[in-house]
file data.csv (CSV, C-alpha atoms)
chain,number,residue,atom,x,y,z
Q,1,MET,CA,23.8,-27.0,67.9
Q,2,ALA,CA,22.2,-23.7,68.9
Q,3,THR,CA,20.6,-23.2,65.5
Q,4,LEU,CA,19.2,-26.7,65.6
Q,5,ARG,CA,17.7,-26.1,69.0
Q,6,LYS,CA,16.1,-22.8,67.8
Q,7,ALA,CA,14.7,-24.6,64.7
Q,8,VAL,CA,13.1,-27.3,66.9
Q,9,ILE,CA,11.7,-24.6,69.3
Q,10,ASN,CA,10.2,-22.7,66.3
Q,11,ILE,CA,8.6,-25.8,64.9
Q,12,HIS,CA,7.2,-26.7,68.3
Q,13,ARG,CA,5.8,-23.2,68.7
Q,14,LEU,CA,4.3,-23.4,65.2
Q,15,ILE,CA,2.6,-26.7,65.8
Q,16,ASN,CA,1.3,-25.5,69.2
Q,17,SER,CA,0.0,-22.3,67.7
Q,18,ASN,CA,-1.9,-24.2,65.0
Q,19,LYS,CA,-3.3,-27.0,67.2
Q,20,GLY,CA,-6.9,-26.0,66.5
Q,21,THR,CA,-6.4,-25.9,62.8
Q,22,ILE,CA,-4.3,-29.1,62.7
Q,23,SER,CA,-6.8,-31.2,64.7
Q,24,ALA,CA,-9.7,-30.0,62.5
Q,25,SER,CA,-7.8,-30.9,59.3
Q,26,PRO,CA,-8.0,-34.5,58.0
Q,27,ASN,CA,-4.3,-34.4,57.2
Q,28,PRO,CA,-2.2,-32.1,59.4
Q,29,LEU,CA,0.8,-32.1,57.0
Q,30,LEU,CA,-1.3,-30.4,54.4
Q,31,THR,CA,-2.3,-27.6,56.8
Q,32,LEU,CA,1.4,-26.9,57.5
Q,33,ARG,CA,2.5,-27.3,53.9
Q,34,PRO,CA,2.7,-23.6,53.0
Q,35,LEU,CA,4.8,-23.0,56.1
Q,36,LEU,CA,7.1,-26.0,56.2
Q,37,GLY,CA,7.1,-27.1,52.6
Q,38,TYR,CA,5.4,-30.4,53.0
Q,39,SER,CA,4.0,-32.1,49.9
Q,40,ARG,CA,1.7,-34.9,49.1
Q,41,ILE,CA,4.4,-36.6,47.1
Q,42,THR,CA,6.5,-39.1,49.1
Q,43,PRO,CA,8.9,-41.7,47.9
Q,44,PHE,CA,6.1,-44.1,48.1
Q,45,THR,CA,3.6,-42.3,45.9
Q,46,SER,CA,3.7,-41.8,42.2
Q,47,HIS,CA,3.7,-38.4,40.5
Q,48,THR,CA,0.8,-39.8,38.4
Q,49,GLN,CA,-1.4,-39.6,41.5
Q,50,SER,CA,-0.6,-36.0,42.3
Q,51,LEU,CA,-0.3,-34.7,38.7
Q,52,GLU,CA,-3.7,-34.0,37.3
Q,53,ILE,CA,-3.8,-34.4,33.6
Q,54,ASP,CA,-6.1,-31.7,32.3
Q,55,LEU,CA,-6.1,-31.3,28.6
Q,56,SER,CA,-9.3,-29.3,28.5
Q,57,ASN,CA,-7.8,-25.9,27.6
Q,58,GLU,CA,-4.6,-24.5,26.2
Q,59,GLU,CA,-3.3,-23.0,29.4
Q,60,SER,CA,-3.5,-26.3,31.4
Q,61,LYS,CA,-1.9,-28.1,28.4
Q,62,ARG,CA,0.9,-25.6,28.3
Q,63,ARG,CA,1.6,-26.0,32.1
Q,64,LEU,CA,1.5,-29.8,31.9
Q,65,PHE,CA,3.8,-29.9,28.9
Q,66,ASN,CA,6.2,-27.4,30.5
Q,67,ARG,CA,6.3,-29.5,33.7
Q,68,LEU,CA,6.9,-32.7,31.8
Q,69,LEU,CA,9.6,-31.1,29.6
Q,70,TYR,CA,11.4,-29.7,32.7
Q,71,ARG,CA,11.3,-33.1,34.4
Q,72,SER,CA,12.7,-34.8,31.3
Q,73,LYS,CA,15.5,-32.3,30.8
Q,74,GLN,CA,16.5,-31.8,34.5
Q,75,ARG,CA,17.1,-35.3,35.8
Q,76,GLY,CA,20.6,-34.7,37.0
Q,77,PHE,CA,21.9,-37.5,34.7
Q,78,LEU,CA,23.4,-35.9,31.6
Q,79,GLU,CA,22.7,-38.7,29.2
Q,80,LEU,CA,19.1,-39.0,30.2
Q,81,ASP,CA,18.7,-35.2,30.2
Q,82,LEU,CA,19.7,-35.2,26.6
Q,83,VAL,CA,17.9,-38.3,25.4
Q,84,LEU,CA,14.6,-37.9,27.3
Q,85,GLY,CA,14.6,-34.1,26.9
Q,86,LYS,CA,15.0,-34.3,23.2
Q,87,TRP,CA,12.4,-37.0,22.8
Q,88,VAL,CA,9.8,-35.2,25.0
Q,89,GLU,CA,10.5,-31.9,23.2
Q,90,ASP,CA,9.9,-33.6,19.8
Q,91,ASN,CA,6.8,-35.6,20.8
Q,92,ILE,CA,5.0,-33.9,23.7
Q,93,HIS,CA,2.5,-32.1,21.5
Q,94,SER,CA,1.4,-35.3,19.8
Q,95,LEU,CA,0.8,-37.4,23.0
Q,96,ASP,CA,-2.7,-38.3,24.1
Q,97,GLU,CA,-3.7,-38.7,27.8
Q,98,ASN,CA,-2.7,-42.4,28.0
Q,99,ARG,CA,0.7,-41.7,26.5
Q,100,ILE,CA,1.2,-38.8,28.9
Q,101,LYS,CA,0.5,-41.2,31.7
Q,102,ALA,CA,3.1,-43.6,30.2
Q,103,LEU,CA,5.6,-40.7,30.0
Q,104,ILE,CA,5.0,-39.8,33.6
Q,105,HIS,CA,5.6,-43.5,34.5
Q,106,VAL,CA,8.9,-43.4,32.6
Q,107,LEU,CA,9.9,-40.1,34.3
Q,108,ASP,CA,9.2,-41.7,37.7
Q,109,LEU,CA,11.9,-44.4,37.2
Q,110,GLU,CA,15.3,-44.2,38.8
Q,111,ASN,CA,18.0,-42.8,36.6
Q,112,PRO,CA,20.6,-45.6,36.7
Q,113,ASP,CA,18.0,-48.3,36.0
Q,114,LEU,CA,16.4,-46.2,33.2
Q,115,TRP,CA,19.7,-45.6,31.5
Q,116,LYS,CA,20.7,-49.2,31.6
Q,117,TRP,CA,17.3,-50.2,30.1
Q,118,ILE,CA,17.2,-47.5,27.4
Q,119,SER,CA,20.8,-48.1,26.3
Q,120,GLY,CA,20.4,-51.9,26.2
Q,121,GLN,CA,22.9,-52.7,28.9
Q,122,GLU,CA,20.2,-54.6,30.8
Q,123,GLN,CA,16.8,-56.0,29.9
Q,124,PRO,CA,13.9,-54.0,31.5
Q,125,PRO,CA,11.1,-55.6,33.4
Q,126,GLU,CA,8.1,-56.5,31.3
Q,127,SER,CA,6.0,-53.7,32.8
Q,128,ILE,CA,8.5,-51.2,31.5
Q,129,SER,CA,9.1,-52.9,28.1
Q,130,ILE,CA,5.4,-52.6,27.2
Q,131,ASN,CA,5.3,-48.9,28.0
Q,132,PRO,CA,4.9,-47.2,24.6
Q,133,VAL,CA,6.9,-44.1,25.6
Q,134,PHE,CA,9.8,-46.2,26.9
Q,135,ALA,CA,9.7,-48.3,23.7
Q,136,ALA,CA,9.8,-45.2,21.5
Q,137,VAL,CA,12.7,-43.7,23.5
Q,138,ARG,CA,14.6,-46.9,23.5
Q,139,GLU,CA,14.0,-47.4,19.8
Q,140,ARG,CA,15.4,-43.9,19.1
Q,141,VAL,CA,18.5,-44.6,21.2
Q,142,MET,CA,19.2,-47.9,19.6
Q,143,LYS,CA,18.8,-46.5,16.1
Q,144,ASN,CA,21.3,-43.7,17.0
Q,145,LEU,CA,23.7,-46.3,18.5
Q,146,ASP,CA,23.5,-48.4,15.4
Q,147,SER,CA,24.1,-45.5,13.1
Q,148,HIS,CA,27.0,-43.9,15.1
Q,149,SER,CA,28.9,-46.8,16.8
Q,150,ALA,CA,30.1,-50.2,15.9
Q,151,PRO,CA,28.6,-53.1,17.9
Q,152,GLU,CA,32.1,-54.2,19.0
Q,153,ALA,CA,32.6,-50.8,20.6
Q,154,ARG,CA,29.7,-51.4,23.0
Q,155,ALA,CA,29.5,-53.3,26.2
Q,156,THR,CA,28.0,-56.7,26.0
Q,157,PRO,CA,24.5,-56.6,27.5
Q,158,GLY,CA,24.6,-57.8,31.1
Q,159,GLN,CA,28.4,-57.2,31.4
Q,160,PRO,CA,30.0,-54.1,32.9
Q,161,TRP,CA,31.8,-51.6,30.7
Q,162,VAL,CA,35.4,-51.7,31.9
Q,163,ARG,CA,37.4,-51.0,28.7
Q,164,GLY,CA,39.6,-47.9,28.8
Q,165,TRP,CA,42.4,-46.0,27.0
Q,166,ASP,CA,44.9,-48.8,27.5
Q,167,ASP,CA,42.9,-51.7,26.0
Q,168,ILE,CA,45.6,-52.1,23.4
Q,169,LYS,CA,48.2,-52.9,26.1
Q,170,LYS,CA,47.5,-56.6,26.4
Q,171,GLY,CA,51.0,-57.8,27.3
Q,172,GLN,CA,51.9,-59.8,30.4
Q,173,ASP,CA,52.4,-56.5,32.4
Q,174,GLY,CA,49.1,-55.0,31.1
Q,175,PRO,CA,45.7,-55.1,32.8
Q,176,VAL,CA,43.2,-57.8,31.9
Q,177,SER,CA,40.6,-55.0,31.1
Q,178,GLY,CA,40.2,-51.3,31.6
Q,179,ASN,CA,42.8,-48.8,32.6
Q,180,GLN,CA,43.5,-50.3,36.1

call {"tool": "encode", "arguments": {"input": "data.csv", "output": "C-alpha cells"}}
result
Amino acid sequence: MATLRKAVINIHRLINSNKGTISASPNPLLTLRPLLGYSRITPFTSHTQSLEIDLSNEESKRRLFNRLLYRSKQRGFLELDLVLGKWVEDNIHSLDENRIKALIHVLDLENPDLWKWISGQEQPPESISINPVFAAVRERVMKNLDSHSAPEARATPGQPWVRGWDDIKKGQDGPVSGNQ
C-alpha cells in the first residue's frame, strides 16, 4: 500500500511539475510519453494508423520488415507463431505496400479467432476472407493439413475438438467423447 501511495504521489508531482508543458501540448499524454510510457496505440486504434509504411529506402524497409517479422513470430500462440512467422519470413520481401497493409490487418486480429479461421475450424468474416495475405496463409495451412493428416482426424468445422486418447473406449462405461 505504501508503494502505491508513493507511486501516486510521484505521478501527481510529475503532472504538476509539467503543467505548463502539458497545457501547451494538444495531447498531454504524448508529452508524458517518454516518462510514463504512454503510446498512441490503444485497444481502439489499429497499428496501421501508427505504423508508417515507408519503402523509400533500404533502411526503412529493413526496419519495417523486422517489425512485421517480430510481430508475426512473437504472438504468444505457438501455432500462429510458427505458421505466420514462417509465411512472413518466406514472403515479406515480395510484398508491395497494399499487401503489407493487408499483413498488418491480419497481425491485428485476435489470436484465437485468427487460428480458428486459418485452420478451417470456423468461417472467417467476409472482410477477412478477401484479405490476400489471410487467403495465402490459410491456403498454405490447408495444403499442409491435406498432405499430412487424414480428414477424419480433424474436427468438423463449427464443432469443438473433444476427442482424446481414449476415443477407442466406446463401451457403456466409456465417455461419449474425449478423455473425460

call {"tool": "atom_distance", "arguments": {"input": "data.csv", "atom1": "atom CA of Arg71 of chain Q", "atom2": "atom CA of Pro124 of chain Q"}}
result
21.3 Å

call {"tool": "atom_distance", "arguments": {"input": "data.csv", "atom1": "atom CA of Asp96 of chain Q", "atom2": "atom CA of Ile53 of chain Q"}}
result
10.3 Å

call {"tool": "closest_residue", "arguments": {"input": "data.csv", "among": "Q:Leu145, Q:Leu109, Q:Leu69, Q:Ala135", "to": "Asp90 of chain Q", "atoms": "all atoms listed in the file"}}
result
Q:Leu69

call {"tool": "closest_residue", "arguments": {"input": "data.csv", "among": "Q:Leu95, Q:Val83, Q:Leu78, Q:Ile15", "to": "Arg138 of chain Q", "atoms": "all atoms listed in the file"}}
result
Q:Val83

call {"tool": "closest_residue", "arguments": {"input": "data.csv", "among": "Q:Ile130, Q:Met142, Q:Ala7, Q:Ile104", "to": "Leu64 of chain Q", "atoms": "only C-alpha atoms"}}
result
Q:Ile104

call {"tool": "closest_residue", "arguments": {"input": "data.csv", "among": "Q:Arg13, Q:Ala150, Q:Lys6, Q:Asp54", "to": "Glu97 of chain Q", "atoms": "only C-alpha atoms"}}
result
Q:Asp54
